[in-house]
Amino acid sequence: MTKLKLSGVSKAYGATMALRHGDLEIEAGEVHVLIGANGSGKSTLCKIVAGSVRPDRGTVLIDDRPVTVSGPRAAKALGIGIFYQELSLAEHRSVAENILMPDLPRKGRLFVNREALAETAGRYIALFAQVAGEDLTADTPVGRLRADQRQLVEIMKALASKAPVLIFDEPTSALDRAQVDRFFEILRGLRNEGRSIVFISHRMDEIFAIGDRVTVIRDGETIGTTTIADTSPAAVIRMMVGEQEGLAVPQDAPPASATGGGTALSVAHLSGQGFSDVSFTVARGEILGLGGLHGQGQSALLRALFGAPPAHSGAVTLAGAALRTENPRSAITSGLAYVSGDRGRDGVITGRPILENVTPVHALRNRLMLASPGRLAAGALPALKALNTKFAGLSHPISSLSGGNQQKIVIARWLIDRPDVLLLDDPTKGIDLSAKADLFALIRKLAEDGLAIILYSSEDAELLNNADRILVFNGGSVRRELAGAERTRYNLYHAAYEAA
Amino acid sequence: MTATPSIAREGRGGFGALLDRFPFLPAIVILIVLLVLNGLFEPNSLSFRSLTGLVRTYMALMLLAVAQTYVVYAADIDLSVGAIASLVNVTIIVLMQHLGGGGLSVVAALGVGVLVGLACGLVNGFVVAALRLQAIVATFATSIFFTGLALTILPVAGMPAPTAFWRTYGGSFFGIPFVFYCVAVLAVLLYLLARSRLATQLLAVGDGQQAAFQSGLPVTAIRIGGYALCGVFAALAAFCITGDTASGDPLVGAKMTLFSVAAVVLGGSALSGGFGTVVGSVIAALIIGLINALVFFAGTPSHWQNFVQGLAILAALMVGILVSRRGRA
Amino acid sequence: EDFKIGLSNGWVGSEWRTQMIEEAEAAAALWKERGVNVEVVAQSANVDVPGQIAHVRNFISQGVNAIIINPNSPTAFDPVFAQAKEAGILVIATDAEVSSPDATYVGIDQKGWAMESAKWLAETLDGKGKVVAINGVAGHPANEMRVAGYREVFGQHDGIEIVNEVNANWDQAQGQQAMQNLLATYPDIDGVWVQDGMAAGAWRSIMDADKAGDIAATGEIRKDFIDIWTENKLNSGASVNPPGVMASALNVAVLMLQGRELKEPATAGQYGNAMYLPIPFISSDNLAEAAASMEGKPGHYSYTSALSIDDAEALFK
Amino acid sequence: MSQALSFLRNPLVVALALIVALLVLGNALSPGFASGQQILRLLIVAALLGIVAAGQNLVILGGREGIDLSVGGVVSLSAIVAGNAMNGLDAGIPAAILACVATGAFFGLLNGLGVTLLRIPPLVMTLGMLGVLQGLLVVIRQGVPSGRAAPALSEFVTRPFLLGLPGIIWLWIAIGLLMAFILNRTVLGHRIYAIGSNEHAAFMAGVPVRRMRVLLFVLSGVFSAIAGFCLLGYSGSSFANVGEQYMLASIIAVVLGGTPLSGGKGGYTGTMAGAVLLVILQSILTTINIEESGRQMVFGATLLLLMLFYGRGRGLRA
Ligand SMILES: Nc1ncnc2c1ncn2[C@@H]1O[C@H](COP(=O)(O)OP(=O)(O)OP(=O)(O)O)[C@@H](O)[C@H]1O
Ligand SMILES: Nc1ncnc2c1ncn2[C@@H]1O[C@H](COP(=O)(O)OP(=O)(O)OP(=O)(O)O)[C@@H](O)[C@H]1O
Ligand SMILES: [Mg+2]
Ligand SMILES: [Mg+2]
């Protein structure tokens, strides 16, 4: 018997077809992977099942009976639980309240049963006790948690729904390996209980580690479903991208050594919020990688270099002259660029035209006062083209694009006027594989043109494939530098886990 | 192997943790400072009689501030609380008059008053949450409507309340002024409401409507619930106004609306929703009262009184916000 | 003898109120010559009714001998005046009557004030014509008493038709706007009954529309307006609510504090606790006289009159 | 709604259609309402409101719950400042303009600094400032004669100046063009929208967020001051709290014009239409002959109804 079946589901947002024709069949007791490029419609499909998006067409069957999911409450009643890609947590409420928010335990009709709340939530927190960090307790307001801890809370919240059908829309994007491993253990347990699980991730290794079957979705249409055992990463990618050939599949071979081009940026004994006593130099044409488990100070360092907020002490020299960054603006005018993977927070100017999203840095660096659309477009178009950005027109709002293309717009804003140093803070988070390949090809080209690039990535393969040198961070400082043949996955892990 | 050795993070030291639990601490400190200052300038102002008078005068604002707090929990705002209070005030006055002013008629009028407050709250909730109009402008529009209604019911200020009614409010039982019984009942009510599912859900909605909706909370119903609660408390405020003024006035509450918003902020609640306490709002209402008294007792020339009051309230708002943020950041 | 008197004024939106407080303070100073020390403490601020109740409570805390109040409500002070009386404090209301049996009203009869000017308008129009009224704040007691006053007078003249009544909240600009709208809608009106400062605004609109010759309208008592009136020979008349009422009330209060008894107890008015003061009237007949009495005063100065100490003493046994 | 009719969703179109509808209604209720003279008078009143709403609009566009409740206080204060500076003399006008703009900018600056440096929520900061300003009005007027408008200023506001329109309407048109230019064709405009829709992203892209926000409050103060200056010309002399009525009216005009209070979206053209709409509505209500209580109820209900047209937020379920 099929537990959940979708056929011919579609959804349009204005002119954007988010989902053209979604089909999906999930059995009881399987982990069903959903994979597709950015903007292919995965989240839309999930939200339709979870009731938070109203489909235009199509049918949903549960246990072979047609149902209407009229809203999240209806979905809950139908036995559907979901982990939202963008999370659904209340910042100021405690972890326990968040986990049980959909169904707060009651005392009488009107009151919250505090004892039951603490007890029940405690059980879910205990599931991740080993990997969540000590500061994740039942009473902690979610706002005080790190990104990975929030994702764990959202996972607990989905688990607490006890639903027979559980949907996880990119639940691991902020988690580290140990957290992912623990999560997968739990998933396997649930599968063995006979629950149906939908799992979405852009990380190929995870998909092959946990999935039973995989459904590929492209441009809002379901392409096909195969069992994981019968397929390979390369085959999945071929399905995802259609007939296109020659895509970058993660290779373990490190890239050719960098060309020496003189020191561009040097950092001495820099300390700031989240990192301390960091020293290194980057040469022109070099891609310096920052590695290690996430949250060990890599992002904090990049942000400090960019002035958001500035470092407390230490010295930075850019092209031989001392660099003082008080805020991003002064960093930008000194020739720095910073691309963040958290585009929702750091990048996208929501609701505004694509043009206005590409040009703020250009306007600042050229001290423009007037914003003539023609002149701005002339600057913007080449940068967008270099990134293969798909968009209908510069005057369309950026929200009409998929997440991946939005990220490309944000990246393009830094490339109109060439910076001297490019800071990349996990720039590909949530970007699909082909976009990643485009991006890294471009980054390499920029390096060859003489830019100094510092790259932090939460994906090992990305670092190993692209960085000429890797500084491994742990506990806020650099533990090891990997250069040349040392750049191996083993060394990376060894250094990263050393102090832990 | 532990995968996430948490690196040095800002500890939430003693003060921060304390503020997390008791966001109204800065308000209490301001309150105490004001009491001391009042006592210095006019020792009589700390007499039992004067303090009773203070509570009697500002009981209505306390209740309006509480009313406002519940909608602010959900990141909404209600600019009609004052108008609701006025409407309830004239409704109960007219009813008591028509029903003869006896004990039973008072009870019946108060019952109707609560229902009127509730109905106004539901109207607000409907236009803001169900029709999705912007709260600031929509509740301003309803406030005009409610004022019109109040003017219809009692076109001229002045119909008197039955003497027994205001004698009770202004009187004492077993040596304890009636208002202090009101305060006690309010405390119990607030305690119960703090444990209610609605309060938690309102706060969750205030933290993020979309997230709350996706979590399966009935967001619209919850917000309407917040406004309904607000309406009921505005009605209770109207009872106190009526007790203290012994008469009907279709415009009596109008100026209190903005003070209720100020009190909510002063009390440590965030206007952006998701965080706050009603106790803070109650204290803040008293702070506003004490500031007004202090400005006079300090001998401020009459033309400067409004200005100094304005400055003092602005300063208190700033201090309150700065202190609570320093603790929470 | 030493007396401490609290003055409470709940609205500072007009020069009239400022002048009222100043005249009261000046009157207090005059008692010194007679060997009576009258200390006045004033709370004069924009407050709502509960705010003004707080004023009274502050005075009670301070232990004043008497409170003179220009109240924001006729009935809302019953409880707090009862508390003041319990504390042995004399309470006198001025400018607006109060229902409290624990207080005495010393001031003009607002209804009579409106009737005076309405009578003038009706007579000027020869008892017939279309009239509009521009009123203050709907629901405000003084406003409602005045409305009752002019309605009564116009009701006595069959030929007078009130075609519309609007509220402009005692705001000069709103009065001007309201008059503009009314002139556009009723181009054929003959008379306007308008109160206080709004009259200046209304007259501005009338003059802008070049109708000053065709329309008779009530006026106001600020020097600015009196000057315009004189200069443009407007067809206007104004009954005077002198800002000196509070000074009159203060003189009465001091005499009461001295234990003197009124010849005639204050029993007038709807609440039976009022002592009415005379209402002067300015019309084209005595305009020059009024203008002369304000010579050299600033533009916002209102035509005034008050009971002197001797006048007041004459009312007592 | 079909594509062809989608222009009906444009707030500007809705507002203009409603303006025409109200004029027709007004004329039916009281003939002469839609006469040229009367429309001109309404436009003068709308211009006063519209100028205040320009500043309000900027602050709201800048996001972060931007709102300026102190506009009314600034209007009143600058009317008094202007009146005292010119005191009925044309020669005093330049000094009065300077004094007004300085007053508006000063209080706007205080608001802006409170909001950015101390990070007080705008609603609270400007509410507190309103209290201070109202107190200041009382202080300033104490004993000091409140001045009068210079004849030239009164002429400017009330008498035809060019093509039969008074100067204030030309001023308003100029402000409208300037606002449209700034918002659409300058980097400053892009930055206003950027901080309004995602402050942090704007900060990371080098937008001087704090300075921008201070600037918006300063501009709001300046626009209010200009309105106060014109209001003095309209009413001849200044008196306390002339500006009080503009506080919520300016916000309503902005909202009726299609700028949501959440910021980052909308523009000034709609706000101008919103101001006209509001003024016409109020004017119709004054002319129909019903009790004040009825007027208020009709006004409140009509505002709600108008907001239904285009002030609605998005549904939670996409
Ligand atoms: N609320 C919305 N309004 C308008 N367009 C939307 C909305 N949500 C999604 N879309 C569009 O629908 C398409 C599918 O988006 P969806 O989020 O389902 O993609 P996805 O497969 O989850 O991508 P990703 O891997 O980046 O998360 C995209 O083009 C996106 O821009
Ligand atoms: N480290 C940071 N991270 C995130 N947001 C920040 C950070 N520092 C400041 N901001 C935000 O950005 C704004 C400050 O921007 P910025 O410092 O550019 O303002 P500015 O005063 O115009 O610049 P300048 O200091 O050059 O005068 C604040 O509103 C704050 O919320
Ligand atoms: Mg997605
Ligand atoms: Mg700065």
# chains A, B, ... in the order shown; residues from 1 in each chain; ligands from 1

call {"tool": "closest_atom_pairs", "arguments": {"of": "chain C", "to": "chain B", "cutoff": "10 Å", "atoms": "only C-alpha atoms", "output": "tab-separated table"}}
result
residue	atom	partner	partner_atom	distance
C:Leu7	CA	B:Ser302	CA	9.7
C:Ser8	CA	B:Ser302	CA	9.6
C:Asn9	CA	B:Ser302	CA	9.4
C:Val12	CA	B:His303	CA	8.5
C:Thr18	CA	B:His303	CA	8.7
C:Ile21	CA	B:Ser302	CA	9.3
C:Val41	CA	B:Ser302	CA	8.3
C:Ala42	CA	B:Ser302	CA	5.7
C:Gln43	CA	B:Ser302	CA	5.4
C:Ser44	CA	B:Ser302	CA	5.1
C:Ala45	CA	B:Asn306	CA	5.5
C:Asn46	CA	B:Asn306	CA	6.8
C:Val47	CA	B:Lys255	CA	8.1
C:Asp48	CA	B:Lys255	CA	6.3
C:Val49	CA	B:Val252	CA	6.4
C:Pro50	CA	B:Thr57	CA	6.4
C:Gly51	CA	B:Thr57	CA	8.0
C:Gln52	CA	B:Thr57	CA	9.7
C:Ile53	CA	B:Thr57	CA	7.1
C:Ala54	CA	B:Thr57	CA	6.4
C:His55	CA	B:Ala293	CA	7.9
C:Val56	CA	B:Gly53	CA	10.0
C:Arg57	CA	B:Gly53	CA	6.6
C:Asn58	CA	B:Ala293	CA	6.6
C:Phe59	CA	B:Phe297	CA	9.4
C:Ile60	CA	B:Ser50	CA	8.1
C:Ser61	CA	B:Ser45	CA	5.5
C:Gln62	CA	B:Asn44	CA	6.6
C:Gly63	CA	B:Asn44	CA	8.5
C:Asn72	CA	B:Val252	CA	9.7
C:Ser73	CA	B:Ala157	CA	7.0
C:Pro74	CA	B:Gly158	CA	5.9
C:Thr75	CA	B:Gly158	CA	5.0
C:Ala76	CA	B:Thr245	CA	3.9
C:Phe77	CA	B:Thr245	CA	5.8
C:Asp78	CA	B:Ala246	CA	6.6
C:Pro79	CA	B:Asp244	CA	6.5
C:Val80	CA	B:Asp244	CA	7.6
C:Ala82	CA	B:Arg167	CA	9.9
C:Gln83	CA	B:Gly170	CA	8.9
C:Val98	CA	B:Gly158	CA	9.1
C:Ser99	CA	B:Gly158	CA	8.4
C:Val137	CA	B:Leu251	CA	9.8
C:Ala138	CA	B:Pro155	CA	7.4
C:Gly139	CA	B:Val156	CA	4.2
C:His140	CA	B:Ala157	CA	6.3
C:Pro141	CA	B:Ala157	CA	5.9
C:Ala142	CA	B:Val156	CA	9.5
C:Asn143	CA	B:Val156	CA	8.9
C:Glu144	CA	B:Val156	CA	6.5
C:Met145	CA	B:Val156	CA	9.2

call {"tool": "interface_residues", "arguments": {"of": "chain B", "to": "chain D", "cutoff": "7 Å", "atoms": "only C-alpha atoms", "output": "list in words"}}
result
Arg132, Leu133, Gln134, Val137, Ala138, Ala141, Thr142, Ile144, Phe145, Gly148, Leu149, Leu151, Thr152, Gln210, Phe213, Ala262, His303, Trp304, Asn306, Phe307, Gly310, Leu311, Ile313, Leu314, Met318 and Ile321 of chain B

call {"tool": "residues_near_ligand", "arguments": {"ligand": "ligand 1", "cutoff": "7 Å", "atoms": "only C-alpha atoms and all ligand atoms", "output": "tab-separated table (two decimals) with N, CA, C and O atoms, in the first residue's frame"}}
result
chain	number	residue	atom	x	y	z
A	13	TYR	N	3.34	30.87	-8.89
A	13	TYR	CA	3.33	32.15	-8.18
A	13	TYR	C	3.35	33.23	-9.23
A	13	TYR	O	4.41	33.51	-9.80
A	16	THR	N	5.65	32.79	-12.30
A	16	THR	CA	6.61	31.72	-12.03
A	16	THR	C	5.90	30.40	-11.80
A	16	THR	O	5.06	30.29	-10.92
A	17	MET	N	6.25	29.38	-12.60
A	17	MET	CA	5.72	28.05	-12.33
A	17	MET	C	6.68	27.40	-11.34
A	17	MET	O	7.75	26.95	-11.72
A	18	ALA	N	6.29	27.37	-10.10
A	18	ALA	CA	7.16	26.77	-9.09
A	18	ALA	C	7.16	25.26	-9.24
A	18	ALA	O	8.17	24.58	-9.08
A	19	LEU	N	5.99	24.73	-9.56
A	19	LEU	CA	5.86	23.28	-9.69
A	19	LEU	C	4.89	23.03	-10.85
A	19	LEU	O	3.76	23.51	-10.84
A	36	GLY	N	16.96	17.72	-6.59
A	36	GLY	CA	16.76	18.57	-7.76
A	36	GLY	C	17.53	19.85	-7.58
A	36	GLY	O	17.89	20.22	-6.46
A	37	ALA	N	17.76	20.53	-8.68
A	37	ALA	CA	18.53	21.77	-8.63
A	37	ALA	C	17.77	22.83	-7.84
A	37	ALA	O	16.59	22.64	-7.52
A	38	ASN	N	18.44	23.93	-7.54
A	38	ASN	CA	17.76	25.04	-6.86
A	38	ASN	C	16.58	25.50	-7.70
A	38	ASN	O	16.69	25.64	-8.90
A	39	GLY	N	15.49	25.73	-7.03
A	39	GLY	CA	14.33	26.26	-7.73
A	39	GLY	C	13.58	25.22	-8.54
A	39	GLY	O	12.70	25.56	-9.32
A	40	SER	N	13.93	23.94	-8.34
A	40	SER	CA	13.24	22.92	-9.13
A	40	SER	C	11.87	22.62	-8.54
A	40	SER	O	11.06	21.96	-9.18
A	41	GLY	N	11.60	23.08	-7.35
A	41	GLY	CA	10.26	22.92	-6.81
A	41	GLY	C	10.14	21.95	-5.65
A	41	GLY	O	9.02	21.59	-5.26
A	42	LYS	N	11.26	21.56	-5.08
A	42	LYS	CA	11.20	20.59	-3.99
A	42	LYS	C	10.43	21.12	-2.78
A	42	LYS	O	9.52	20.48	-2.26
A	43	SER	N	10.85	22.33	-2.35
A	43	SER	CA	10.19	22.89	-1.17
A	43	SER	C	8.72	23.14	-1.42
A	43	SER	O	7.88	22.92	-0.54
A	44	THR	N	8.42	23.59	-2.63
A	44	THR	CA	7.03	23.83	-2.96
A	44	THR	C	6.21	22.55	-2.82
A	44	THR	O	5.12	22.54	-2.25
A	45	LEU	N	6.76	21.47	-3.35
A	45	LEU	CA	6.08	20.18	-3.26
A	45	LEU	C	5.83	19.80	-1.80
A	45	LEU	O	4.73	19.42	-1.41
A	399	SER	N	12.57	38.37	-5.79
A	399	SER	CA	11.84	37.25	-5.19
A	399	SER	C	11.21	36.35	-6.25
A	399	SER	O	10.71	35.27	-5.93
A	400	SER	N	11.23	36.78	-7.52
A	400	SER	CA	10.66	35.91	-8.54
A	400	SER	C	11.65	34.83	-8.95
A	400	SER	O	11.32	33.97	-9.76
A	401	LEU	N	12.87	34.86	-8.38
A	401	LEU	CA	13.87	33.87	-8.76
A	401	LEU	C	13.97	32.77	-7.73
A	401	LEU	O	13.57	32.94	-6.58
A	402	SER	N	14.55	31.65	-8.15
A	402	SER	CA	14.79	30.56	-7.19
A	402	SER	C	15.95	30.96	-6.29
A	402	SER	O	16.72	31.88	-6.59
A	403	GLY	N	16.08	30.22	-5.18
A	403	GLY	CA	17.11	30.54	-4.21
A	403	GLY	C	18.48	30.60	-4.85
A	403	GLY	O	19.27	31.53	-4.60
A	404	GLY	N	18.80	29.66	-5.68
A	404	GLY	CA	20.11	29.61	-6.30
A	404	GLY	C	20.37	30.83	-7.17
A	404	GLY	O	21.46	31.43	-7.12
A	430	GLY	N	23.09	25.84	-0.19
A	430	GLY	CA	21.78	25.79	-0.84
A	430	GLY	C	21.81	26.05	-2.33
A	430	GLY	O	20.79	26.33	-2.93
A	431	ILE	N	22.99	25.98	-2.93
A	431	ILE	CA	23.05	26.15	-4.39
A	431	ILE	C	23.17	24.79	-5.04
A	431	ILE	O	23.84	23.90	-4.52
A	432	ASP	N	22.54	24.63	-6.20
A	432	ASP	CA	22.59	23.30	-6.80
A	432	ASP	C	23.94	23.04	-7.45
A	432	ASP	O	24.78	23.91	-7.57
D	318	ALA	N	0.29	30.45	1.17
D	318	ALA	CA	0.66	30.95	-0.17
D	318	ALA	C	-0.14	30.25	-1.25
D	318	ALA	O	-0.59	29.14	-1.07

call {"tool": "closest_residue", "arguments": {"among": "C:Gly213, C:Pro280, C:Gly244, C:Gly201", "to": "chain D", "atoms": "only C-alpha atoms"}}
result
C:Gly201

call {"tool": "residues_around", "arguments": {"residues": "Glu244 in chain D", "least_positions_apart": "4", "cutoff": "9 Å", "atoms": "only C-alpha atoms", "output": "PyMOL selection string"}}
result
chain D and resi 71-73+75-76+240+248

call {"tool": "write_last_selection", "arguments": {"atoms": "all heavy atoms", "output": "mmCIF file, in the first residue's frame"}}
result
data_model
loop_
_atom_site.group_PDB
_atom_site.id
_atom_site.type_symbol
_atom_site.label_atom_id
_atom_site.label_comp_id
_atom_site.auth_asym_id
_atom_site.auth_seq_id
_atom_site.Cartn_x
_atom_site.Cartn_y
_atom_site.Cartn_z
ATOM 1 N N VAL D 71 5.249 64.124 13.991
ATOM 2 C CA VAL D 71 5.061 65.119 12.927
ATOM 3 C C VAL D 71 4.118 66.239 13.363
ATOM 4 O O VAL D 71 4.382 67.409 13.087
ATOM 5 C CB VAL D 71 4.541 64.480 11.614
ATOM 6 C CG1 VAL D 71 5.638 63.729 10.895
ATOM 7 C CG2 VAL D 71 3.333 63.606 11.856
ATOM 8 N N GLY D 72 3.035 65.864 14.045
ATOM 9 C CA GLY D 72 2.069 66.879 14.454
ATOM 10 C C GLY D 72 2.708 67.924 15.352
ATOM 11 O O GLY D 72 2.487 69.122 15.194
ATOM 12 N N GLY D 73 3.527 67.458 16.284
ATOM 13 C CA GLY D 73 4.202 68.376 17.193
ATOM 14 C C GLY D 73 5.128 69.320 16.433
ATOM 15 O O GLY D 73 5.192 70.512 16.723
ATOM 16 N N VAL D 75 4.869 70.197 13.283
ATOM 17 C CA VAL D 75 4.041 71.132 12.515
ATOM 18 C C VAL D 75 3.633 72.308 13.412
ATOM 19 O O VAL D 75 3.830 73.469 13.054
ATOM 20 C CB VAL D 75 2.791 70.430 11.957
ATOM 21 C CG1 VAL D 75 1.830 71.462 11.377
ATOM 22 C CG2 VAL D 75 3.168 69.416 10.883
ATOM 23 N N SER D 76 3.100 72.005 14.587
ATOM 24 C CA SER D 76 2.657 73.067 15.492
ATOM 25 C C SER D 76 3.810 73.975 15.872
ATOM 26 O O SER D 76 3.708 75.203 15.837
ATOM 27 C CB SER D 76 2.088 72.477 16.785
ATOM 28 O OG SER D 76 1.079 71.560 16.501
ATOM 29 N N ALA D 240 -1.607 76.819 19.593
ATOM 30 C CA ALA D 240 -1.120 75.527 20.063
ATOM 31 C C ALA D 240 -1.730 74.382 19.268
ATOM 32 O O ALA D 240 -2.879 74.448 18.851
ATOM 33 C CB ALA D 240 -1.461 75.360 21.533
ATOM 34 N N LEU D 248 -2.001 61.051 12.816
ATOM 35 C CA LEU D 248 -2.520 59.813 12.246
ATOM 36 C C LEU D 248 -2.993 60.010 10.820
ATOM 37 O O LEU D 248 -2.914 59.090 10.002
ATOM 38 C CB LEU D 248 -3.629 59.256 13.143
ATOM 39 C CG LEU D 248 -3.016 58.644 14.407
ATOM 40 C CD1 LEU D 248 -4.013 58.561 15.530
ATOM 41 C CD2 LEU D 248 -2.421 57.275 14.145
#

call {"tool": "select_by_dssp", "arguments": {"residues": "range 69-261 of chain C", "states": "strand (DSSP E or B)", "output": "PyMOL selection string"}}
result
chain C and resi 69-70+90-93+103-107+128-135+159-167+191-194+216-218+222+236-239

call {"tool": "interface_residues", "arguments": {"of": "chain A", "to": "chain D", "cutoff": "6 Å", "atoms": "only C-alpha atoms", "output": "ChimeraX atom specification"}}
result
/A:52-53,328-329,346-347,349-350,361,369-371

call {"tool": "residues_around", "arguments": {"residues": "Val114 in chain B", "least_positions_apart": "3", "cutoff": "12 Å", "atoms": "only C-alpha atoms", "output": "MDAnalysis selection string"}}
result
chainID B and resid 84:85 87:89 91:92 107:111 117:121 228:239

call {"tool": "closest_atom_pairs", "arguments": {"of": "chain A", "to": "ligand 2", "cutoff": "8 Å", "atoms": "only C-alpha atoms and all ligand atoms", "output": "CSV"}}
result
residue,atom,partner,partner_atom_place_in_ligand_line,distance
A:Gly307,CA,ligand 2,1 (N),6.9
A:Ala308,CA,ligand 2,1 (N),3.6
A:Pro309,CA,ligand 2,1 (N),3.6
A:Pro310,CA,ligand 2,1 (N),7.3
A:Glu326,CA,ligand 2,25 (O),7.3
A:Asn327,CA,ligand 2,17 (O),5.8
A:Pro328,CA,ligand 2,18 (O),7.0
A:Arg329,CA,ligand 2,18 (O),6.4
A:Ser330,CA,ligand 2,26 (O),7.5

call {"tool": "write_last_selection", "arguments": {"atoms": "N, CA, C and O atoms", "output": "compact mmCIF listing (two decimals), in the first residue's frame"}}
result
# COMPACT_ATOMS: atom_id res chain seq x y z
N GLY A 307 34.62 43.92 8.51
CA GLY A 307 34.16 45.01 9.38
C GLY A 307 32.78 44.82 9.98
O GLY A 307 32.13 45.79 10.36
N ALA A 308 32.29 43.60 10.06
CA ALA A 308 30.93 43.40 10.55
C ALA A 308 30.83 42.27 11.56
O ALA A 308 30.37 41.20 11.23
N PRO A 309 31.24 42.50 12.81
CA PRO A 309 31.87 43.70 13.35
C PRO A 309 33.38 43.61 13.25
O PRO A 309 33.89 42.50 13.07
N PRO A 310 34.08 44.73 13.39
CA PRO A 310 35.54 44.72 13.24
C PRO A 310 36.21 43.89 14.33
O PRO A 310 35.64 43.65 15.38
N GLU A 326 36.16 49.62 9.53
CA GLU A 326 35.26 49.90 10.64
C GLU A 326 33.91 49.28 10.39
O GLU A 326 33.19 48.92 11.30
N ASN A 327 33.58 49.21 9.13
CA ASN A 327 32.29 48.64 8.76
C ASN A 327 32.39 48.18 7.32
O ASN A 327 33.38 48.47 6.65
N PRO A 328 31.40 47.46 6.84
CA PRO A 328 31.48 46.96 5.47
C PRO A 328 31.78 48.06 4.46
O PRO A 328 32.49 47.82 3.49
N ARG A 329 31.24 49.25 4.72
CA ARG A 329 31.44 50.29 3.73
C ARG A 329 32.92 50.61 3.54
O ARG A 329 33.40 50.69 2.42
N SER A 330 33.62 50.74 4.66
CA SER A 330 35.04 51.06 4.50
C SER A 330 35.78 49.85 3.91
O SER A 330 36.74 50.02 3.17

call {"tool": "interface_residues", "arguments": {"of": "chain A", "to": "chain B", "cutoff": "8 Å", "atoms": "only C-alpha atoms", "output": "number ranges by chain"}}
result
A: 52, 71-73, 76, 87-93, 101-102, 104, 106, 110-112, 130-133, 176-179, 274, 293, 296, 475-476, 497, 500

call {"tool": "residues_around", "arguments": {"residues": "range 16-25 of chain D", "least_positions_apart": "3", "cutoff": "7 Å", "atoms": "only C-alpha atoms", "output": "number ranges by chain"}}
result
D: 12-13, 28-29, 34, 273, 277

call {"tool": "write_last_selection", "arguments": {"atoms": "C-alpha atoms", "output": "compact mmCIF listing (two decimals), in the first residue's frame"}}
result
# COMPACT_ATOMS: atom_id res chain seq x y z
CA LEU D 12 -2.70 54.73 -7.30
CA VAL D 13 -5.43 53.71 -9.72
CA ALA D 28 -24.85 64.64 -5.29
CA LEU D 29 -25.15 65.17 -1.55
CA ALA D 34 -17.30 69.42 -6.94
CA ALA D 273 -3.58 60.54 -3.95
CA LEU D 277 -8.76 61.07 -0.83

call {"tool": "select_by_dssp", "arguments": {"residues": "range 109-264 of chain B", "states": "helix (DSSP H, G or I)", "output": "ChimeraX atom specification"}}
result
/B:109-130,135-153,163-170,178-194,197-207,209-214,219-245,256-264

call {"tool": "atom_distance", "arguments": {"atom1": "CA of Pro160 in chain D", "atom2": "CA of Ile44 in chain D"}}
result
10.9 Å

call {"tool": "closest_residue", "arguments": {"among": "C:Ala268, C:Met256, C:Leu287, C:Ala118", "to": "Lys317 in chain C", "atoms": "only C-alpha atoms"}}
result
C:Met256
